[in-house]
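As provided, input-v9.cif (mmCIF, C-alpha atoms) reads as follows.
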data_model
loop_
_atom_site.group_PDB
_atom_site.id
_atom_site.type_symbol
_atom_site.label_atom_id
_atom_site.label_comp_id
_atom_site.auth_asym_id
_atom_site.auth_seq_id
_atom_site.Cartn_x
_atom_site.Cartn_y
_atom_site.Cartn_z
ATOM 1 C CA MET A 471 -16.977 39.805 10.383
ATOM 2 C CA THR A 472 -15.654 36.499 9.019
ATOM 3 C CA GLY A 473 -14.269 33.661 11.114
ATOM 4 C CA LYS A 474 -10.754 34.381 9.855
ATOM 5 C CA GLU A 475 -11.047 38.076 10.788
ATOM 6 C CA ARG A 476 -12.191 37.161 14.283
ATOM 7 C CA TYR A 477 -9.190 34.902 14.689
ATOM 8 C CA GLU A 478 -6.798 37.553 13.465
ATOM 9 C CA GLN A 479 -8.045 39.800 16.297
ATOM 10 C CA ILE A 480 -7.499 37.173 18.992
ATOM 11 C CA LYS A 481 -4.461 37.787 21.166
ATOM 12 C CA ILE A 482 -1.894 35.073 20.514
ATOM 13 C CA PRO A 483 -0.981 33.283 23.772
ATOM 14 C CA ALA A 484 2.383 34.368 25.151
ATOM 15 C CA GLN A 485 3.490 30.755 25.472
ATOM 16 C CA LEU A 486 2.840 29.971 21.789
ATOM 17 C CA ALA A 487 6.564 29.742 21.021
ATOM 18 C CA SER A 488 7.024 27.117 23.714
ATOM 19 C CA VAL A 489 3.879 25.325 22.531
ATOM 20 C CA MET A 490 5.236 25.183 18.979
ATOM 21 C CA GLU A 491 8.624 23.969 20.219
ATOM 22 C CA SER A 492 6.874 21.289 22.241
ATOM 23 C CA ALA A 493 4.852 20.324 19.176
ATOM 24 C CA ARG A 494 8.035 19.904 17.141
ATOM 25 C CA HIS A 495 9.530 17.615 19.803
ATOM 26 C CA LYS A 496 6.323 15.599 19.978
ATOM 27 C CA ALA A 497 6.221 15.305 16.176
ATOM 28 C CA ALA A 498 9.781 13.973 16.186
ATOM 29 C CA ALA A 499 8.891 11.495 18.922
ATOM 30 C CA ARG A 500 5.817 10.450 16.979
ATOM 31 C CA LYS A 501 7.914 9.822 13.875
ATOM 32 C CA ARG A 502 10.193 7.605 15.962
ATOM 33 C CA SER A 503 7.170 5.726 17.259
ATOM 34 C CA PHE A 504 5.936 5.320 13.675
ATOM 35 C CA ARG A 505 9.235 3.666 12.764
ATOM 36 C CA LEU A 506 8.963 1.311 15.740
ATOM 37 C CA MET A 507 5.378 0.596 14.792
ATOM 38 C CA ARG A 508 6.519 -0.201 11.273
ATOM 39 C CA TYR A 509 8.890 -2.919 12.477
ATOM 40 C CA ALA A 510 6.263 -4.387 14.812
ATOM 41 C CA SER A 511 3.659 -4.236 12.069
ATOM 42 C CA ALA A 512 5.953 -5.990 9.608
ATOM 43 C CA VAL A 513 6.070 -8.973 11.979
ATOM 44 C CA ALA A 514 2.293 -8.943 12.301
ATOM 45 C CA ALA A 515 1.547 -8.090 8.667
ATOM 46 C CA SER A 516 0.538 -11.595 7.678
ATOM 47 C CA ILE A 517 -1.903 -11.765 10.618
ATOM 48 C CA VAL A 518 -3.435 -8.408 9.749
ATOM 49 C CA LEU A 519 -3.649 -9.347 6.094
ATOM 50 C CA LEU A 520 -5.623 -12.470 7.006
ATOM 51 C CA PHE A 521 -8.015 -10.254 8.936
ATOM 52 C CA VAL A 522 -8.357 -7.806 6.040
ATOM 53 C CA VAL A 523 -8.997 -10.395 3.352
ATOM 54 C CA ASN A 524 -11.838 -11.769 5.454
ATOM 55 C CA ILE A 525 -13.702 -8.485 5.075
ATOM 56 C CA PRO A 526 -15.812 -9.474 2.011
ATOM 57 C CA GLY A 527 -15.550 -6.240 0.017
ATOM 58 C CA VAL A 528 -11.852 -5.736 0.712
ATOM 59 C CA ALA A 529 -11.100 -9.362 -0.148
ATOM 60 C CA ASN A 530 -12.857 -8.805 -3.469
ATOM 61 C CA ALA A 531 -10.765 -5.683 -4.142
ATOM 62 C CA LEU A 532 -7.579 -7.570 -3.301
ATOM 63 C CA SER A 533 -8.405 -10.212 -5.882
ATOM 64 C CA LYS A 534 -8.922 -7.663 -8.667
ATOM 65 C CA VAL A 535 -5.910 -5.388 -8.247
ATOM 66 C CA PRO A 536 -2.480 -6.676 -9.294
ATOM 67 C CA VAL A 537 0.153 -6.482 -6.552
ATOM 68 C CA VAL A 538 3.577 -5.092 -7.466
ATOM 69 C CA GLY A 539 6.456 -5.165 -4.998
ATOM 70 C CA SER A 540 6.676 -6.619 -1.486
ATOM 71 C CA ILE A 541 4.120 -5.845 1.182
ATOM 72 C CA VAL A 542 5.480 -4.247 4.363
ATOM 73 C CA GLN A 543 2.290 -3.880 6.408
ATOM 74 C CA VAL A 544 -1.492 -3.573 6.247
ATOM 75 C CA LEU A 545 -3.196 -1.199 8.666
ATOM 76 C CA GLN A 546 -6.338 0.801 9.298
ATOM 77 C CA PHE A 547 -4.566 3.534 11.265
ATOM 78 C CA GLY A 548 -0.982 4.175 12.293
ATOM 79 C CA GLY A 549 2.106 4.943 10.257
ATOM 80 C CA GLY A 550 5.221 3.711 8.530
ATOM 81 C CA GLY A 551 7.706 4.572 5.818
ATOM 82 C CA GLU A 552 11.183 6.028 6.084
ATOM 83 C CA ARG A 553 12.462 9.566 6.556
ATOM 84 C CA THR A 554 13.292 11.247 3.260
ATOM 85 C CA ASP A 555 12.964 14.565 1.408
ATOM 86 C CA GLY A 556 12.274 15.851 -2.089
ATOM 87 C CA VAL A 557 9.787 13.136 -3.032
ATOM 88 C CA SER A 558 7.139 13.642 -5.714
ATOM 89 C CA VAL A 559 3.649 12.163 -5.446
ATOM 90 C CA ASP A 560 1.158 10.929 -8.007
ATOM 91 C CA THR A 561 -1.865 8.658 -7.799
ATOM 92 C CA GLU A 562 -3.845 6.164 -9.854
ATOM 93 C CA THR A 563 -7.135 4.332 -9.271
ATOM 94 C CA VAL A 564 -8.263 0.787 -10.032
ATOM 95 C CA GLU A 565 -11.716 -0.436 -8.944
ATOM 96 C CA ASP A 566 -12.143 0.789 -5.332
ATOM 97 C CA VAL A 567 -8.407 1.172 -4.809
ATOM 98 C CA LEU A 568 -6.219 4.286 -4.789
ATOM 99 C CA ARG A 569 -2.498 3.759 -5.314
ATOM 100 C CA ILE A 570 -0.184 6.547 -4.106
ATOM 101 C CA ASN A 571 3.111 6.405 -6.002
ATOM 102 C CA PHE A 572 6.369 8.146 -5.129
ATOM 103 C CA ASP A 573 9.462 9.065 -7.109
ATOM 104 C CA GLN A 574 12.603 11.075 -6.494
ATOM 105 C CA ALA A 575 14.658 12.762 -9.227
ATOM 106 C CA GLY A 576 12.600 10.873 -11.793
ATOM 107 C CA GLU A 577 13.323 7.467 -10.240
ATOM 108 C CA THR A 578 10.808 5.220 -8.459
ATOM 109 C CA VAL A 579 11.599 5.020 -4.733
ATOM 110 C CA SER A 580 12.236 1.668 -3.067
ATOM 111 C CA SER A 581 10.508 2.651 0.198
ATOM 112 C CA VAL A 582 7.679 5.089 0.870
ATOM 113 C CA PRO A 583 8.348 8.323 2.789
ATOM 114 C CA ALA A 584 7.255 8.568 6.433
ATOM 115 C CA PHE A 585 3.466 8.659 6.625
ATOM 116 C CA ALA A 586 0.619 8.500 9.122
ATOM 117 C CA VAL A 587 -3.056 7.590 8.730
ATOM 118 C CA GLU A 588 -5.728 8.547 11.248
ATOM 119 C CA HIS A 589 -9.295 7.241 11.213
ATOM 120 C CA ARG A 590 -11.952 9.518 12.703
ATOM 121 C CA LYS A 591 -15.729 9.384 12.880
ATOM 122 C CA ALA A 592 -18.550 11.927 12.659
ATOM 123 C CA PRO A 593 -17.926 12.262 9.807
ATOM 124 C CA ASN A 594 -16.260 8.981 8.814
ATOM 125 C CA ARG A 595 -12.880 10.134 7.503
ATOM 126 C CA LEU A 596 -9.240 9.242 6.971
ATOM 127 C CA ILE A 597 -6.471 11.781 7.547
ATOM 128 C CA PHE A 598 -3.290 11.159 5.544
ATOM 129 C CA THR A 599 -0.048 12.946 6.434
ATOM 130 C CA ILE A 600 3.019 12.273 4.273
ATOM 131 C CA SER A 601 6.392 13.805 5.137
ATOM 132 C CA GLY A 602 9.416 14.558 2.956
ATOM 133 C CA VAL A 603 7.242 15.658 0.028
ATOM 134 C CA ARG A 604 8.149 18.631 -2.154
ATOM 135 C CA ASN A 605 6.100 18.040 -5.324
ATOM 136 C CA PHE A 606 2.446 17.301 -4.769
ATOM 137 C CA ASP A 607 -0.395 17.921 -7.230
ATOM 138 C CA TYR A 608 -3.279 18.070 -4.777
ATOM 139 C CA ASP A 609 -5.928 18.578 -7.471
ATOM 140 C CA ALA A 610 -4.831 15.400 -9.259
ATOM 141 C CA VAL A 611 -4.938 13.415 -5.998
ATOM 142 C CA LYS A 612 -8.379 14.861 -5.211
ATOM 143 C CA ASN A 613 -9.758 13.991 -8.639
ATOM 144 C CA ASP A 614 -8.513 10.412 -8.387
ATOM 145 C CA LEU A 615 -10.002 9.991 -4.926
ATOM 146 C CA LEU A 616 -13.352 11.470 -5.943
ATOM 147 C CA ALA A 617 -13.458 8.948 -8.783
ATOM 148 C CA LEU A 618 -13.810 6.195 -6.175
ATOM 149 C CA PRO A 619 -17.545 5.541 -5.671
ATOM 150 C CA LEU A 620 -17.245 5.075 -1.882
ATOM 151 C CA VAL A 621 -15.592 8.476 -1.288
ATOM 152 C CA GLU A 622 -17.854 11.320 -0.166
ATOM 153 C CA ASP A 623 -15.388 14.230 -0.293
ATOM 154 C CA VAL A 624 -11.687 15.118 -0.260
ATOM 155 C CA TYR A 625 -10.010 18.229 1.102
ATOM 156 C CA GLU A 626 -6.530 19.437 1.911
ATOM 157 C CA ASN A 627 -5.287 20.512 5.342
ATOM 158 C CA ILE A 628 -2.767 23.349 5.480
ATOM 159 C CA ILE A 629 0.050 22.555 7.922
ATOM 160 C CA LEU A 630 3.054 24.602 9.019
ATOM 161 C CA ASP A 631 5.563 22.306 7.333
ATOM 162 C CA ASP A 632 6.506 22.940 3.722
ATOM 163 C CA SER A 633 7.960 19.440 3.392
ATOM 164 C CA ALA A 634 4.768 17.600 4.327
ATOM 165 C CA MET A 635 1.306 17.179 2.842
ATOM 166 C CA ARG A 636 -1.987 16.334 4.505
ATOM 167 C CA PHE A 637 -5.348 15.529 2.995
ATOM 168 C CA VAL A 638 -8.642 14.229 4.370
ATOM 169 C CA VAL A 639 -10.777 11.566 2.699
ATOM 170 C CA GLU A 640 -14.407 11.532 3.837
ATOM 171 C CA LEU A 641 -15.959 8.110 3.324
ATOM 172 C CA LYS A 642 -19.612 7.276 2.830
ATOM 173 C CA ASP A 643 -21.496 5.535 5.638
ATOM 174 C CA GLY A 644 -20.843 1.827 6.016
ATOM 175 C CA VAL A 645 -17.456 1.923 4.278
ATOM 176 C CA THR A 646 -14.453 0.039 5.638
ATOM 177 C CA HIS A 647 -10.867 0.515 4.556
ATOM 178 C CA SER A 648 -7.326 -0.801 4.663
ATOM 179 C CA VAL A 649 -4.013 0.912 3.924
ATOM 180 C CA SER A 650 -1.139 -1.191 2.580
ATOM 181 C CA GLU A 651 2.518 -0.166 2.447
ATOM 182 C CA TYR A 652 4.769 -1.693 -0.227
ATOM 183 C CA ARG A 653 8.462 -1.586 -1.065
ATOM 184 C CA ASN A 654 10.488 -2.249 -4.245
ATOM 185 C CA PRO A 655 8.774 -0.166 -5.535
ATOM 186 C CA GLY A 656 7.531 1.925 -2.629
ATOM 187 C CA TYR A 657 3.867 2.880 -2.786
ATOM 188 C CA ILE A 658 0.748 3.032 -0.593
ATOM 189 C CA GLU A 659 -2.620 1.543 -1.448
ATOM 190 C CA LEU A 660 -5.950 2.628 0.012
ATOM 191 C CA ARG A 661 -8.611 -0.061 -0.440
ATOM 192 C CA LEU A 662 -12.275 0.672 0.238
ATOM 193 C CA ALA A 663 -15.251 -1.650 0.587
ATOM 194 C CA SER A 664 -18.885 -1.314 1.594
ATOM 195 C CA THR A 665 -20.070 -3.352 4.582
ATOM 196 C CA GLY A 666 -23.617 -3.252 3.262
ATOM 197 C CA LYS A 667 -24.845 -2.277 6.727
ATOM 198 C CA GLN A 668 -26.976 0.731 7.636
ATOM 199 C CA ILE A 669 -25.262 2.961 10.200
ATOM 200 C CA LYS A 670 -27.623 4.553 12.717
ATOM 201 C CA PRO A 671 -26.803 8.285 13.045
ATOM 202 C CA ARG A 672 -25.997 9.580 16.533
ATOM 203 C CA GLU A 673 -25.434 13.019 18.025
ATOM 204 C CA VAL A 674 -21.771 13.830 18.601
ATOM 205 C CA PHE A 675 -20.405 16.701 20.698
ATOM 206 C CA TYR A 676 -17.278 18.630 19.758
ATOM 207 C CA ILE A 677 -15.247 21.550 21.003
ATOM 208 C CA ARG A 678 -14.865 23.677 17.898
ATOM 209 C CA SER A 679 -13.496 26.905 16.466
ATOM 210 C CA GLU A 680 -15.305 29.388 14.266
ATOM 211 C CA ALA A 681 -15.544 28.478 10.585
ATOM 212 C CA MET A 682 -12.913 29.972 8.284
ATOM 213 C CA PRO A 683 -11.140 29.256 4.976
ATOM 214 C CA GLN A 684 -8.148 26.924 4.835
ATOM 215 C CA GLY A 685 -4.963 28.768 5.706
ATOM 216 C CA GLU A 686 -2.430 29.634 8.374
ATOM 217 C CA SER A 687 -5.100 30.712 10.867
ATOM 218 C CA LEU A 688 -6.269 27.100 11.062
ATOM 219 C CA ALA A 689 -2.741 25.729 11.005
ATOM 220 C CA MET A 690 -1.851 27.890 14.020
ATOM 221 C CA LEU A 691 -4.694 26.294 15.962
ATOM 222 C CA GLU A 692 -3.096 22.906 15.427
ATOM 223 C CA GLU A 693 0.080 24.182 17.101
ATOM 224 C CA ILE A 694 -1.819 25.792 19.980
ATOM 225 C CA TYR A 695 -4.027 22.757 20.669
ATOM 226 C CA TYR A 696 -1.572 20.082 19.558
ATOM 227 C CA GLU A 697 -1.801 18.170 22.858
ATOM 228 C CA ASP A 698 -5.607 18.104 22.613
ATOM 229 C CA ASP A 699 -5.587 15.984 19.440
ATOM 230 C CA VAL A 700 -7.150 18.675 17.286
ATOM 231 C CA THR A 701 -8.324 17.848 13.749
ATOM 232 C CA PHE A 702 -10.162 19.773 11.005
ATOM 233 C CA ILE A 703 -13.578 19.251 9.438
ATOM 234 C CA LYS A 704 -15.202 20.804 6.393
ATOM 235 C CA THR A 705 -18.471 22.581 7.185
ATOM 236 C CA ALA A 706 -21.751 22.456 5.296
ATOM 237 C CA GLY A 707 -20.934 25.925 3.949
ATOM 238 C CA GLY A 708 -17.537 24.901 2.568
ATOM 239 C CA ASP A 709 -15.337 26.516 5.231
ATOM 240 C CA PHE A 710 -13.358 24.607 7.863
ATOM 241 C CA ILE A 711 -13.298 24.299 11.632
ATOM 242 C CA ALA A 712 -10.798 22.962 14.151
ATOM 243 C CA VAL A 713 -12.381 20.330 16.391
ATOM 244 C CA ILE A 714 -11.414 18.554 19.592
ATOM 245 C CA GLY A 715 -13.121 15.424 20.808
ATOM 246 C CA GLY A 716 -16.096 13.599 19.401
ATOM 247 C CA PHE A 717 -17.797 13.171 22.767
ATOM 248 C CA THR A 718 -20.895 11.111 23.532
ATOM 249 C CA THR A 719 -22.344 13.722 25.918
ATOM 250 C CA ARG A 720 -22.277 17.494 26.293
ATOM 251 C CA GLU A 721 -21.002 17.054 29.853
ATOM 252 C CA GLU A 722 -17.826 15.368 28.560
ATOM 253 C CA ALA A 723 -17.267 18.220 26.123
ATOM 254 C CA GLU A 724 -17.859 20.831 28.836
ATOM 255 C CA LYS A 725 -15.347 19.144 31.131
ATOM 256 C CA LYS A 726 -12.676 19.188 28.408
ATOM 257 C CA LEU A 727 -13.400 22.801 27.462
ATOM 258 C CA GLY A 728 -13.141 23.746 31.142
ATOM 259 C CA GLU A 729 -9.678 22.173 31.233
ATOM 260 C CA ILE A 730 -8.593 24.065 28.124
ATOM 261 C CA SER A 731 -10.050 27.415 29.202
ATOM 262 C CA SER A 732 -8.236 27.251 32.550
ATOM 263 C CA ARG A 733 -4.843 27.395 30.832
ATOM 264 C CA GLU A 734 -2.854 30.591 30.978
ATOM 265 C CA GLY A 735 -3.283 32.691 27.853
ATOM 266 C CA TYR A 736 -6.413 30.911 26.557
ATOM 267 C CA GLY A 737 -7.955 33.221 23.970
ATOM 268 C CA GLY A 738 -11.620 32.216 24.312
ATOM 269 C CA ASP A 739 -11.688 31.013 20.716
ATOM 270 C CA LEU A 740 -13.517 27.692 21.231
ATOM 271 C CA ARG A 741 -17.095 26.636 21.948
ATOM 272 C CA ILE A 742 -19.167 23.456 22.212
ATOM 273 C CA ASP A 743 -21.310 22.293 19.316
ATOM 274 C CA SER A 744 -22.990 19.084 18.200
ATOM 275 C CA TRP A 745 -24.229 17.500 14.989
ATOM 276 C CA MET A 746 -25.336 14.121 13.752
ATOM 277 C CA SER A 747 -22.603 11.636 12.901
ATOM 278 C CA ASN A 748 -23.698 11.454 9.259
ATOM 279 C CA ALA A 749 -23.875 15.240 8.795
ATOM 280 C CA ARG A 750 -21.543 18.219 8.610
ATOM 281 C CA PRO A 751 -21.423 21.102 11.070
ATOM 282 C CA ASP A 752 -22.726 24.531 10.086
#
Any chance you could put this one into structure tokens?
Amino acid sequence: MTGKERYEQIKIPAQLASVMESARHKAAARKRSFRLMRYASAVAASIVLLFVVNIPGVANALSKVPVVGSIVQVLQFGGGGERTDGVSVDTETVEDVLRINFDQAGETVSSVPAFAVEHRKAPNRLIFTISGVRNFDYDAVKNDLLALPLVEDVYENIILDDSAMRFVVELKDGVTHSVSEYRNPGYIELRLASTGKQIKPREVFYIRSEAMPQGESLAMLEEIYYEDDVTFIKTAGGDFIAVIGGFTTREEAEKKLGEISSREGYGGDLRIDSWMSNARPD
């Protein structure tokens, strides 16, 4: 029996509707916080930029790629942009830089749509979520990202929102990054650079689901475990798992799983696993 088939046989918690409603409210609140963060980041952008350009590889990338438009903020995680809908996405690469461009009704947008970037480890990865998007050629974005020499892999996440897109960029070990938001025109730039340092692998403990193909079964897990900061990782076999944590010890993972399993309606669909920080789970 496949992972997806096992999940289809799991009884859906009775409170799922309320969980999903709560998730929608939290998503709206998070978007508001992203907008507040954007204004705060705009004030601090020059400070952050000074920090970024002092990372040798990133400074080198900055010097090689022409800047068009006005910079709004530079960040390594967080969000920004403005609420919109019906935006199309395309990408282009220069050196170790990916530029994400946006247009609407054939016209270049002045500001980027609302977006969020998360940075996670084990494996080292960036999670991009862009809202208000209706036309998105994922294969083209993937091909452009894979053309960057410091990118290990790229995969899409299915989410229960037909006006948003999410994709994950796995980076090679010892790679640092910055994400820049621009306006007039509105676009996002991902800049990568190697630190030149060897990263010592470590064992990391996760609470995980069974492996399954991308699809609504995984997306439902995000709604169920929304408050637990669930994310998704590609396995060594090419399927995907939902994961919670990234704990240093098994005891920490067991404590969190005990909290989750004590909730009413828990379906018993999670277990503890571990793998090395530079490897993929089975």
Atom CA of Ala610 of chain A sits from atom CA of Gly549 of chain A at a separation of 23.2 Å
For Gln684 of chain A, list every protein, DNA or RNA residue within 7 Å, evaluated using all atoms listed in the file, and leave out those in the same chain fewer than 2 positions away; present the list as a PyMOL selection string.
-> chain A and resi 628+682+688+710
Determine, counting only C-alpha atoms, which protein, DNA and RNA residues have an atom within 7 Å of an atom of segment 556-566 of chain A; residues of the same chain fewer than 4 positions away are not included. Present the result as a PyMOL selection string.
-> chain A and resi 531+535+570-574+602-606+611+614+618+661-662
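Excluding segment 742-749 of chain A and any residue on its chain fewer than 3 positions from it, the residues at most 9 Å away by only C-alpha atoms are Lys591, Ala592, Pro593, Asn594, Lys642, Asp643, Ile669, Lys670, Pro671, Arg672, Glu673, Val674, Phe675, Tyr676, Ile677, Arg678, Ser679, Ala706, Gly716, Arg720, Ala723, Glu724, Leu727 and Asp752 of chain A.
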Atom-to-atom span, atom CA of Ile703 of chain A and atom CA of Leu545 of chain A, Å |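 Going from atom CA of Ile703 of chain A over to atom CA of Leu545 of chain A, I get 22.9 Å.
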Counting all atoms listed in the file, what is within 10 Å of His589 of chain A, bar same-chain residues fewer than 6 positions away, as a PyMOL selection string?
-> chain A and resi 546-548+595-598+638-640+647
In Å, rounded to a single decimal, give me how far atom CA of Arg741 of chain A is from atom CA of Glu721 of chain A.
->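 Computing the Euclidean distance for atom CA of Glu721 of chain A and atom CA of Arg741 of chain A yields 13.0 Å.
Matched in the shown structure by the PyMOL selection byres ((chain A and resi 655) around 9): Val538, Gly539, Ser540, Asn571, Phe572, Thr578, Val579, Ser580, Ser581, Val582, Tyr652, Arg653, Asn654, Gly656 and Tyr657 of chain A.
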Might you pull out every residue within 6 Å of Phe702 of chain A, with only C-alpha atoms counted and same-chain residues fewer than 4 positions away left off, and present them as a PyMOL selection string?
-> chain A and resi 711-713
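Shortest atom-to-atom contact with Pro751 of chain A among A:Lys725, A:Glu680, A:Gly738, A:Val700: A:Glu680, counting only C-alpha atoms.
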Expected selection from the PyMOL selection byres ((chain A and resi 686) around 12), given as JSON, numbers by chain = {"A": [474, 477, 478, 627, 628, 629, 630, 631, 682, 683, 684, 685, 687, 688, 689, 690, 691, 692, 693]}
